[in-house]
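**Student:** I am sharing entry-v2.cif, which consists of mmCIF, C-alpha atoms:
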data_data
loop_
_atom_site.label_atom_id
_atom_site.label_comp_id
_atom_site.auth_asym_id
_atom_site.auth_seq_id
_atom_site.Cartn_x
_atom_site.Cartn_y
_atom_site.Cartn_z
CA PHE A 6 -0.13 -11.24 4.22
CA SER A 7 -0.37 -13.31 7.38
CA TYR A 8 -3.88 -11.96 7.97
CA PRO A 9 -6.53 -14.74 7.97
CA GLY A 10 -8.41 -14.87 4.72
CA VAL A 11 -5.48 -13.38 2.83
CA VAL A 12 -2.63 -15.80 3.45
CA GLU A 13 -4.74 -18.86 2.61
CA ASN A 14 -5.85 -17.41 -0.72
CA VAL A 15 -2.36 -16.29 -1.66
CA GLU A 16 -0.87 -19.69 -0.82
CA ASN A 17 -3.60 -21.57 -2.67
CA LYS A 18 -2.93 -19.50 -5.75
CA ILE A 19 0.88 -19.71 -5.77
CA GLY A 20 0.95 -23.33 -4.55
CA MET A 21 3.44 -22.77 -1.74
CA SER A 22 3.93 -20.98 1.57
CA TYR A 23 4.07 -17.22 0.95
CA LYS A 24 7.08 -16.93 3.30
CA GLU A 25 8.92 -19.64 1.38
CA PHE A 26 8.01 -17.82 -1.83
CA ILE A 27 9.55 -14.61 -0.45
CA PHE A 28 12.65 -16.51 0.77
CA SER A 29 13.09 -18.15 -2.63
CA ALA A 30 12.48 -14.87 -4.46
CA PHE A 31 15.12 -13.09 -2.37
CA TRP A 32 17.53 -15.93 -3.11
CA LEU A 33 16.96 -15.48 -6.85
CA TYR A 34 17.37 -11.72 -6.47
CA SER A 35 20.71 -12.20 -4.70
CA LYS A 36 21.94 -14.36 -7.57
CA PHE A 37 20.79 -12.04 -10.36
CA PHE A 38 22.24 -9.09 -8.48
CA ASP A 39 25.67 -10.60 -9.22
CA ASN A 40 25.02 -11.94 -12.70
CA PHE A 41 22.36 -11.28 -15.33
CA GLN A 42 22.09 -14.91 -16.59
CA TYR A 43 22.05 -18.43 -15.14
CA HIS A 44 21.32 -21.94 -16.24
CA GLU A 45 18.29 -23.28 -14.36
CA ASN A 46 20.32 -25.90 -12.46
CA GLN A 47 22.70 -23.26 -11.12
CA ILE A 48 19.93 -21.50 -9.22
CA THR A 49 17.50 -24.30 -8.36
CA ASN A 50 19.57 -27.38 -7.53
CA LEU A 51 21.40 -26.50 -4.31
CA GLY A 52 21.97 -30.06 -3.13
CA GLU A 53 20.41 -32.70 -0.90
CA LYS A 54 20.80 -30.78 2.34
CA TYR A 55 18.36 -28.11 1.11
CA VAL A 56 15.56 -30.54 0.22
CA SER A 57 13.61 -29.89 3.45
CA THR A 58 14.29 -26.15 3.56
CA PRO A 59 12.58 -23.14 1.92
CA PHE A 60 15.31 -23.44 -0.76
CA SER A 61 14.30 -26.83 -2.05
CA GLU A 62 14.55 -27.42 -5.78
CA ASN A 63 10.77 -27.65 -5.97
CA ASN A 64 10.28 -24.27 -4.25
CA LEU A 65 12.90 -22.53 -6.36
CA LYS A 66 11.50 -23.90 -9.63
CA LYS A 67 7.99 -22.95 -8.61
CA THR A 68 9.16 -19.44 -7.73
CA LEU A 69 10.95 -19.15 -11.06
CA SER A 70 7.80 -20.17 -12.91
CA LEU A 71 5.77 -17.55 -11.01
CA LEU A 72 8.21 -14.74 -11.72
CA SER A 73 9.44 -15.49 -15.24
CA ILE A 74 8.11 -15.31 -18.78
CA ASP A 75 9.43 -17.12 -21.82
CA TYR A 76 11.30 -15.16 -24.47
CA LYS A 77 8.81 -15.83 -27.29
CA THR A 78 5.88 -14.54 -25.24
CA ILE A 79 7.54 -11.33 -24.07
CA LYS A 80 8.73 -10.67 -27.61
CA GLU A 81 5.14 -10.83 -28.87
CA ILE A 82 3.82 -8.72 -25.99
CA SER A 83 6.49 -6.10 -26.59
CA LYS A 84 5.66 -5.82 -30.28
CA LYS A 85 2.03 -5.12 -29.46
CA ARG A 86 2.54 -2.85 -26.48
CA ILE A 87 5.55 -0.63 -27.09
CA ASP A 88 4.83 2.77 -28.56
CA TYR A 89 7.92 4.93 -28.32
CA SER A 90 6.05 8.06 -29.35
CA LYS A 91 3.61 8.02 -26.44
CA GLU A 92 5.11 6.26 -23.42
CA LEU A 93 8.23 6.44 -21.31
CA ILE A 94 9.92 3.11 -21.91
CA PHE A 95 12.21 3.15 -18.86
CA ASN A 96 9.72 4.43 -16.29
CA ASN A 97 6.31 3.12 -17.29
CA PRO A 98 5.44 0.35 -14.78
CA ASN A 99 3.07 -1.14 -17.33
CA PHE A 100 5.86 -1.90 -19.80
CA PRO A 101 6.59 -5.60 -20.56
CA HIS A 102 10.26 -5.54 -19.55
CA ILE A 103 9.30 -4.03 -16.16
CA GLN A 104 6.32 -6.30 -15.57
CA HIS A 105 8.37 -9.34 -16.63
CA PRO A 106 12.04 -8.71 -15.70
CA LEU A 107 12.94 -12.40 -15.57
CA ILE A 108 13.05 -13.97 -19.01
CA GLN A 109 13.39 -17.69 -19.79
CA TYR A 110 15.15 -18.85 -22.94
CA SER A 111 15.55 -22.62 -23.20
CA ASP A 112 17.13 -23.68 -19.87
CA PHE A 113 18.56 -20.25 -19.15
CA TYR A 114 17.12 -17.29 -17.25
CA PHE A 115 18.00 -13.65 -17.83
CA CYS A 116 17.20 -10.74 -15.50
CA VAL A 117 16.74 -7.32 -17.10
CA ASN A 118 17.18 -5.43 -13.84
CA PRO A 119 17.41 -6.87 -10.27
CA GLN A 120 15.40 -3.95 -8.86
CA TYR A 121 12.55 -4.77 -11.23
CA LEU A 122 12.72 -8.33 -9.88
CA ILE A 123 12.08 -7.12 -6.30
CA ASP A 124 9.19 -5.05 -7.59
CA LYS A 125 7.89 -8.08 -9.46
CA PHE A 126 7.77 -10.52 -6.56
CA THR A 127 6.38 -8.02 -4.04
CA VAL A 128 3.77 -6.67 -6.46
CA HIS A 129 2.99 -10.22 -7.59
CA VAL A 130 1.91 -11.18 -4.07
CA TYR A 131 0.03 -7.88 -3.70
CA ASN A 132 -1.87 -8.56 -6.92
CA ILE A 133 -2.74 -12.11 -5.91
CA ALA A 134 -3.93 -10.91 -2.50
CA GLU A 135 -5.97 -8.16 -4.12
CA LEU A 136 -7.54 -10.45 -6.71
CA TYR A 137 -8.16 -13.60 -4.70
CA ALA A 138 -8.39 -12.60 -1.03
CA GLY A 139 -11.44 -10.44 -1.61
CA ASN A 140 -11.59 -6.69 -1.09
CA GLN A 141 -12.81 -6.97 2.49
CA ASN A 142 -10.07 -9.38 3.61
CA TYR A 143 -7.39 -7.42 1.78
CA GLY A 144 -8.56 -4.11 3.25
CA LYS A 145 -8.77 -5.60 6.75
CA ALA A 146 -5.25 -6.98 6.40
CA PHE A 147 -3.90 -3.51 5.58
CA GLU A 148 -5.92 -1.98 8.40
CA SER A 149 -4.50 -4.59 10.80
CA TYR A 150 -0.96 -3.80 9.65
CA ILE A 151 -1.37 -0.06 10.30
CA GLY A 152 -2.77 -0.82 13.75
CA LYS A 153 0.24 -2.99 14.51
CA LEU A 154 2.49 -0.21 13.25
CA LEU A 155 0.84 2.37 15.55
CA ASN A 156 1.33 0.23 18.64
CA GLU A 157 4.85 -0.87 17.70
CA ILE A 158 5.99 2.72 17.08
CA ILE A 159 4.57 3.90 20.42
CA LYS A 160 6.32 1.00 22.17
CA TYR A 161 9.55 1.37 20.17
CA ASN A 162 9.86 5.08 21.02
CA SER A 163 8.69 4.62 24.64
CA ALA A 164 6.05 7.28 23.95
CA THR A 165 3.63 8.11 26.76
CA GLY A 166 0.21 9.73 26.67
CA PHE A 167 -0.88 8.04 23.44
CA PHE A 168 -3.98 5.85 23.28
CA VAL A 169 -4.93 3.75 20.25
CA PHE A 170 -8.47 2.50 19.59
CA PRO A 171 -9.82 0.41 16.71
CA GLU A 172 -12.85 1.54 14.74
CA GLN A 173 -16.01 2.01 16.76
CA LEU A 174 -19.38 0.84 15.49
CA TYR A 175 -22.46 2.97 16.17
CA ASN A 176 -26.04 3.56 15.03
CA LYS A 177 -26.90 -0.06 15.84
CA GLY A 178 -23.79 -1.27 14.02
CA GLN A 179 -24.77 0.30 10.72
CA GLU A 180 -22.02 2.93 10.77
CA ARG A 181 -18.42 3.04 11.85
CA THR A 182 -15.68 5.51 12.66
CA SER A 183 -12.32 5.58 10.89
CA ASP A 184 -10.21 2.43 11.12
CA TRP A 185 -8.00 3.73 13.93
CA ILE A 186 -8.35 6.53 16.47
CA VAL A 187 -5.33 7.90 18.31
CA LEU A 188 -5.68 10.22 21.30
CA ASP A 189 -3.25 12.35 23.22
CA ASN A 190 -4.05 15.11 25.70
CA GLU A 191 -4.85 17.70 23.04
CA ASN A 192 -5.62 15.87 19.79
CA ILE A 193 -7.72 13.15 18.23
CA LEU A 194 -6.47 11.46 15.08
CA PHE A 195 -8.97 9.76 12.78
CA ILE A 196 -6.87 7.40 10.66
CA GLU A 197 -8.51 5.73 7.67
CA CYS A 198 -6.61 2.98 5.81
CA LYS A 199 -7.11 2.39 2.10
CA ALA A 200 -5.46 -0.61 0.48
CA LYS A 201 -6.61 0.46 -2.99
CA ARG A 202 -3.58 1.13 -5.16
CA LEU A 203 -3.39 3.40 -8.16
CA THR A 204 -3.99 1.43 -11.33
CA ALA A 205 -1.03 1.18 -13.71
CA LEU A 206 -2.92 3.37 -16.17
CA SER A 207 -3.51 6.02 -13.50
CA LYS A 208 0.24 6.25 -12.97
CA ILE A 209 0.80 7.40 -16.55
CA ASP A 210 -2.44 9.36 -16.92
CA MET A 211 -1.74 13.07 -16.68
CA GLU A 212 -5.17 14.67 -17.14
CA ILE A 213 -8.24 15.12 -14.99
CA ASP A 214 -11.63 14.94 -16.70
CA ASN A 215 -13.17 18.02 -15.07
CA GLN A 216 -16.50 17.53 -16.82
CA PHE A 217 -16.84 14.05 -15.34
CA VAL A 218 -16.02 15.45 -11.88
CA LYS A 219 -18.81 18.03 -12.37
CA ASP A 220 -21.21 15.26 -13.38
CA VAL A 221 -20.46 13.35 -10.17
CA ILE A 222 -21.04 16.47 -8.05
CA GLN A 223 -24.16 17.71 -9.85
CA ASN A 224 -25.81 14.28 -9.95
CA ASN A 225 -24.79 13.24 -6.41
CA TRP A 226 -23.28 9.93 -7.48
CA PHE A 227 -22.60 8.95 -3.89
CA THR A 228 -24.96 6.00 -3.44
CA SER A 229 -24.38 2.30 -4.03
CA ALA A 230 -26.85 2.53 -6.91
CA THR A 231 -24.65 5.06 -8.74
CA LYS A 232 -21.29 3.37 -8.10
CA ASP A 233 -21.13 1.99 -11.62
CA ASN A 234 -21.29 5.51 -13.05
CA ILE A 235 -17.94 6.24 -11.43
CA ARG A 236 -16.46 2.85 -12.30
CA ASN A 237 -17.28 3.52 -15.95
CA CYS A 238 -15.17 6.67 -16.03
CA GLU A 239 -12.73 6.34 -18.94
CA LYS A 240 -10.00 8.47 -17.31
CA PRO A 241 -8.21 6.21 -14.76
CA LEU A 242 -6.66 9.02 -12.71
CA THR A 243 -9.97 10.88 -12.51
CA LYS A 244 -11.77 7.73 -11.40
CA ASP A 245 -9.19 6.91 -8.70
CA ALA A 246 -9.21 10.50 -7.41
CA ILE A 247 -13.01 10.51 -7.15
CA ILE A 248 -13.03 7.20 -5.25
CA LEU A 249 -10.44 8.56 -2.84
CA GLY A 250 -12.40 11.80 -2.46
CA ILE A 251 -15.48 9.87 -1.35
CA GLU A 252 -13.39 8.02 1.24
CA VAL A 253 -12.06 11.34 2.52
CA GLY A 254 -15.65 12.59 2.80
CA LYS A 255 -16.51 9.55 4.93
CA VAL A 256 -13.70 10.43 7.38
CA TYR A 257 -15.22 13.87 7.92
CA LYS A 258 -18.70 12.39 8.21
CA ALA A 259 -17.49 10.10 11.01
CA TYR A 260 -15.99 13.08 12.83
CA ASP A 261 -19.23 15.05 12.47
CA ASP A 262 -21.07 12.15 14.10
CA TYR A 263 -18.46 12.11 16.88
CA ALA A 264 -18.84 15.87 17.39
CA ASN A 265 -22.60 15.40 17.68
CA ASN A 266 -22.17 12.63 20.29
CA LYS A 267 -23.64 9.93 18.10
CA ILE A 268 -20.87 7.46 19.04
CA SER A 269 -21.62 6.12 22.51
CA ASN A 270 -18.19 4.51 23.01
CA LEU A 271 -16.41 7.72 22.05
CA PRO A 272 -17.78 10.75 23.96
CA PHE A 273 -17.02 14.07 22.27
CA ASP A 274 -14.21 16.14 23.81
CA SER A 275 -14.27 19.72 22.52
CA ASN A 276 -10.76 20.30 23.90
CA LYS A 277 -9.20 17.89 21.40
CA VAL A 278 -8.22 19.09 17.93
CA PHE A 279 -9.42 16.90 15.07
CA ARG A 280 -6.57 15.60 12.85
CA PRO A 281 -7.77 13.48 9.88
CA ILE A 282 -5.27 11.22 8.12
CA LEU A 283 -5.79 8.84 5.22
CA VAL A 284 -3.09 6.18 4.82
CA THR A 285 -2.74 4.47 1.44
CA LEU A 286 -0.82 1.34 0.58
CA GLU A 287 1.49 3.16 -1.81
CA GLU A 288 2.35 6.70 -2.88
CA TRP A 289 -0.48 8.63 -4.51
CA TYR A 290 -0.59 11.84 -6.50
CA ALA A 291 -2.72 13.43 -3.78
CA GLY A 292 -0.30 16.34 -3.40
CA ILE A 293 -0.50 17.42 -7.04
CA PRO A 294 -2.82 20.47 -7.17
CA ASP A 295 -5.19 19.14 -9.87
CA VAL A 296 -5.62 15.78 -8.15
CA LYS A 297 -5.89 17.27 -4.66
CA ASN A 298 -8.55 19.71 -5.88
CA VAL A 299 -10.66 16.81 -7.16
CA ILE A 300 -10.29 14.90 -3.88
CA ILE A 301 -11.33 17.96 -1.83
CA GLN A 302 -14.22 18.89 -4.17
CA ILE A 303 -15.61 15.36 -4.05
CA ALA A 304 -15.22 15.17 -0.25
CA GLN A 305 -17.06 18.46 0.19
CA SER A 306 -19.80 17.41 -2.22
CA TYR A 307 -20.19 14.12 -0.35
CA LEU A 308 -20.68 16.07 2.89
CA ASN A 309 -23.21 18.38 1.24
CA TYR A 310 -25.06 15.29 0.05
CA LYS A 311 -25.10 14.07 3.67
CA SER A 312 -26.32 17.53 4.85
CA ILE A 313 -23.10 18.18 6.74
CA ASP A 314 -21.33 21.55 6.79
CA ALA A 315 -18.53 21.09 4.22
CA THR A 316 -16.39 23.92 5.66
CA ILE A 317 -15.05 21.28 8.07
CA VAL A 318 -12.76 20.18 5.21
CA ASP A 319 -11.02 23.57 5.17
CA LYS A 320 -11.04 23.89 8.94
CA PHE A 321 -9.35 20.52 9.49
CA PRO A 322 -7.28 19.71 6.34
CA ILE A 323 -6.70 16.00 5.79
CA ILE A 324 -3.24 14.55 5.24
CA ILE A 325 -3.01 11.76 2.67
CA MET A 326 0.16 9.69 2.85
CA SER A 327 1.50 6.26 2.02
CA ALA A 328 2.16 3.60 4.65
CA SER A 329 5.92 4.13 4.27
CA SER A 330 5.56 7.90 4.86
CA PHE A 331 3.24 7.27 7.79
CA THR A 332 5.86 5.01 9.36
CA ILE A 333 8.22 7.98 9.58
CA ASP A 334 5.65 10.69 10.34
CA PHE A 335 4.03 8.86 13.23
CA GLN A 336 7.48 8.38 14.76
CA ILE A 337 7.91 12.16 14.66
CA MET A 338 4.51 12.53 16.37
CA THR A 339 5.52 10.15 19.15
CA LYS A 340 8.86 11.90 19.63
CA HIS A 341 7.75 15.55 19.55
CA GLY A 342 4.01 15.31 20.11
CA ILE A 343 1.16 15.63 17.63
CA ASN A 344 0.90 19.43 17.98
CA GLN A 345 4.60 19.91 17.28
CA TYR A 346 4.41 17.59 14.28
CA TYR A 347 1.71 19.75 12.70
CA GLN A 348 3.67 22.89 13.55
CA LEU A 349 6.75 21.47 11.82
CA LYS A 350 4.61 20.53 8.84
CA SER A 351 3.06 24.01 8.54
CA ASN A 352 6.56 25.56 8.70
CA ASN A 353 7.89 23.15 6.02
CA GLU A 354 10.41 21.80 8.54
CA LEU A 355 9.43 18.14 8.46
CA THR A 356 12.13 17.17 5.96
CA ASN A 357 14.92 17.82 8.46
CA GLU A 358 13.14 15.71 11.05
CA LYS A 359 12.47 12.91 8.60
CA ASN A 360 16.17 12.66 7.82
CA ILE A 361 16.79 11.72 11.45
CA PHE A 362 14.43 8.76 11.33
CA ASN A 363 14.87 5.56 9.41
CA PHE A 364 13.21 2.21 9.06
CA GLU A 365 15.03 0.48 11.94
CA LEU A 366 11.67 -0.39 13.47
CA ILE A 367 10.47 -1.97 10.23
CA LYS A 368 13.80 -3.73 9.85
CA ASP A 369 13.40 -5.20 13.33
CA LEU A 370 9.87 -6.41 12.52
CA PHE A 371 11.02 -7.74 9.17
CA ASN A 372 13.87 -9.63 10.83
CA LYS A 373 11.54 -11.07 13.44
CA GLU A 374 8.88 -12.14 10.93
CA LEU A 375 11.10 -13.35 8.10
CA PHE A 376 14.85 -13.44 8.52
CA GLU A 377 15.12 -14.94 12.00
CA PRO A 378 13.00 -17.97 10.97
CA LEU A 379 15.03 -18.15 7.76
CA THR A 380 18.33 -18.08 9.67
CA LYS A 381 17.11 -20.94 11.88
CA GLU A 382 16.31 -22.98 8.78
CA ILE A 383 19.74 -22.30 7.30
CA ASN A 384 21.49 -23.14 10.58
CA LYS A 385 19.67 -26.48 10.71
CA THR A 386 21.00 -27.22 7.24
CA GLU A 387 24.56 -26.31 8.12
CA LYS A 388 24.68 -28.71 11.12
#
Now that the file is in, can you turn its structure into structure tokens?

**Tutor:**
Amino acid sequence: FSYPGVVENVENKIGMSYKEFIFSAFWLYSKFFDNFQYHENQITNLGEKYVSTPFSENNLKKTLSLLSIDYKTIKEISKKRIDYSKELIFNNPNFPHIQHPLIQYSDFYFCVNPQYLIDKFTVHVYNIAELYAGNQNYGKAFESYIGKLLNEIIKYNSATGFFVFPEQLYNKGQERTSDWIVLDNENILFIECKAKRLTALSKIDMEIDNQFVKDVIQNNWFTSATKDNIRNCEKPLTKDAIILGIEVGKVYKAYDDYANNKISNLPFDSNKVFRPILVTLEEWYAGIPDVKNVIIQIAQSYLNYKSIDATIVDKFPIIIMSASSFTIDFQIMTKHGINQYYQLKSNNELTNEKNIFNFELIKDLFNKELFEPLTKEINKTEK
């Protein structure tokens, strides 16, 4: 969220520094982890020495107001929304008690579940960034994060022989490659980053509208003029899968241009194996057969529409994974090599390797970005 164009919009919307919001939210989480209810003064008035710190009374009250909902409102929402016969009350992320885990009643606050509170304040910032930073800024921020991750992992694991390049513009700047390109001696990775998250309704939708998928393919709804046809799809999961399928098709289109030497800054090397990867912000259902079939069908149809041989999709299967999965998988690539990673994957042996790795790298970055500055602030207060 520190990316220009994102952080300003987030902070304007929440009315405070996003880092101070995260600090304050973690403070509230730590309190509700120990007890499910507090009077407002117990968690917002920490004393004079905290006035000039991220834990000022003003910051904590503002954070509470951003994260909480009053009892009367959630009661009304729950009456209208809960349908025990159709939805899973404890797992549905769209349920009121999960969306609003911090409830205000008079001067008291009650937390339904501390884990829901973490989800609330992280997703809250995501939603604000998505809504108010603009799709381009938000997407670029995610792309920038993945690029940072690539370079940090290579450095962290002292990996040699890896080269990372940002997207390359070509055809007089009208077209572009994938967001990131990674080379080693034998492979070329095209890594596309998609910040689009599954909608809440997609997460509980279980059916693909196959007729709508056929309509998209038969009518070639792949132009900007036909975008609204896809947006108007009434099945959320189908719509999200189609959108992702088009993005996958674009990855293959960029490689086809590379293979035909249309990218002057990236000469084609026939000795390198093409490895397409699409990294999403969160976990998708891309591995479920019905959803994966839609993604592949749409990608192939997009290539047919562009007069490109669609068998490339079968020849070089794309991997779709979340940013958290990519954090682990790219570490395996830097440790064993890209070829060995794909060999482990084809032999279903990745799980054992993944168990070796952890998020120490992310923890180090998180400490550097957030907790070290926070510790300095606290130490100033304690003097």

**Student:** Can you list what the PyMOL selection byres ((chain A and resi 23-38) around 10) grabs from this structure, as a PyMOL selection string?

**Tutor:** chain A and resi 6-7+12-13+15-22+39-43+47-49+58-62+64-69+71-72+107+114-123+125-127+130+374-376+378-379

**Student:** Counting only C-alpha atoms, figure out which residue out of A:Leu155, A:Ile248, A:Leu271, A:Leu242 gets nearest to A:Asp334.

**Tutor:** A:Leu155

**Student:** Which residue, A:Ala230, A:Cys198, A:Val11, A:Val187, has the smallest gap to A:Tyr143 when you use all atoms listed in the file?

**Tutor:**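 Among the listed residues, the smallest separation from A:Tyr143 belongs to A:Val11.
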
**Student:** Please evaluate the PyMOL selection byres ((chain A and resi 240) around 8) against the displayed coordinates and give the resulting residues as an mmCIF file with C-alpha atoms, in the coordinates of the input.

**Tutor:**
data_model
loop_
_atom_site.group_PDB
_atom_site.id
_atom_site.type_symbol
_atom_site.label_atom_id
_atom_site.label_comp_id
_atom_site.auth_asym_id
_atom_site.auth_seq_id
_atom_site.Cartn_x
_atom_site.Cartn_y
_atom_site.Cartn_z
ATOM 1 C CA SER A 207 -3.510 6.020 -13.500
ATOM 2 C CA ASP A 210 -2.440 9.360 -16.920
ATOM 3 C CA GLU A 212 -5.170 14.670 -17.140
ATOM 4 C CA ILE A 213 -8.240 15.120 -14.990
ATOM 5 C CA ASP A 214 -11.630 14.940 -16.700
ATOM 6 C CA CYS A 238 -15.170 6.670 -16.030
ATOM 7 C CA GLU A 239 -12.730 6.340 -18.940
ATOM 8 C CA PRO A 241 -8.210 6.210 -14.760
ATOM 9 C CA LEU A 242 -6.660 9.020 -12.710
ATOM 10 C CA THR A 243 -9.970 10.880 -12.510
ATOM 11 C CA LYS A 244 -11.770 7.730 -11.400
#

**Student:** Calculate how many Å separate atom CA of A:Gln173 from atom CA of A:Ala259, rounding to one decimal.

**Tutor:**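 The value is 10.0 Å.
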
**Student:** What is the distance, in Å and to one decimal place, between atom CA of A:Phe100 and atom CA of A:Ser70?

**Tutor:** 19.6 Å

**Student:** Which value, in Å to one decimal, gives the distance between atom CA of A:Lys350 and atom CA of A:Gln305?

**Tutor:** 23.4 Å

**Student:** Around all the atoms of stretch 302-306 of chain A listed in the file, with 8 Å of room on each side, what axis-aligned box do you get, giving centre and edge lengths in Å to one decimal, as lines of an AutoDock Vina configuration file?

**Tutor:**
center_x = -17.0
center_y = 17.0
center_z = -2.0
size_x = 21.6
size_y = 19.7
size_z = 20.4

**Student:** I need the residue nearest A:Phe227 from this list: A:Ile158, A:Leu174, A:Ile247, A:Ile323. Use all atoms listed in the file for the distance.

**Tutor:** A:Ile247

**Student:** Any idea what's packed within 10 Å of A:Asn215, counting all atoms listed in the file, ignoring anything in its chain fewer than 3 positions away? Could you give it as a short mmCIF file (atom, residue, chain, number, x, y, z; two decimals) with C-alpha atoms, keeping the file's coordinate frame?

**Tutor:**
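part27.cif written:
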data_model
loop_
_atom_site.label_atom_id
_atom_site.label_comp_id
_atom_site.auth_asym_id
_atom_site.auth_seq_id
_atom_site.Cartn_x
_atom_site.Cartn_y
_atom_site.Cartn_z
CA GLU A 212 -5.17 14.67 -17.14
CA VAL A 218 -16.02 15.45 -11.88
CA LYS A 219 -18.81 18.03 -12.37
CA ASP A 220 -21.21 15.26 -13.38
CA VAL A 221 -20.46 13.35 -10.17
CA THR A 243 -9.97 10.88 -12.51
CA ASP A 295 -5.19 19.14 -9.87
CA VAL A 299 -10.66 16.81 -7.16
#

**Student:** Counting all atoms listed in the file, which of A:Ile235, A:Ile268, A:Leu188, A:Val284 gets nearest to A:Glu148?

**Tutor:**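 The shortest atom-to-atom distance to A:Glu148 comes from A:Val284.
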
**Student:** Got a sec to resolve the PyMOL selection byres ((chain A and resi 336-343) around 7) on this structure and send the residues as a short mmCIF file (atom, residue, chain, number, x, y, z; two decimals) with C-alpha atoms, in the frame of the given file?

**Tutor:**
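What follows is the written file part10.cif:
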data_model
loop_
_atom_site.label_atom_id
_atom_site.label_comp_id
_atom_site.auth_asym_id
_atom_site.auth_seq_id
_atom_site.Cartn_x
_atom_site.Cartn_y
_atom_site.Cartn_z
CA ILE A 158 5.99 2.72 17.08
CA ILE A 159 4.57 3.90 20.42
CA ASN A 162 9.86 5.08 21.02
CA ALA A 164 6.05 7.28 23.95
CA THR A 332 5.86 5.01 9.36
CA ILE A 333 8.22 7.98 9.58
CA ASP A 334 5.65 10.69 10.34
CA PHE A 335 4.03 8.86 13.23
CA ASN A 344 0.90 19.43 17.98
CA GLN A 345 4.60 19.91 17.28
CA TYR A 346 4.41 17.59 14.28
CA TYR A 347 1.71 19.75 12.70
#
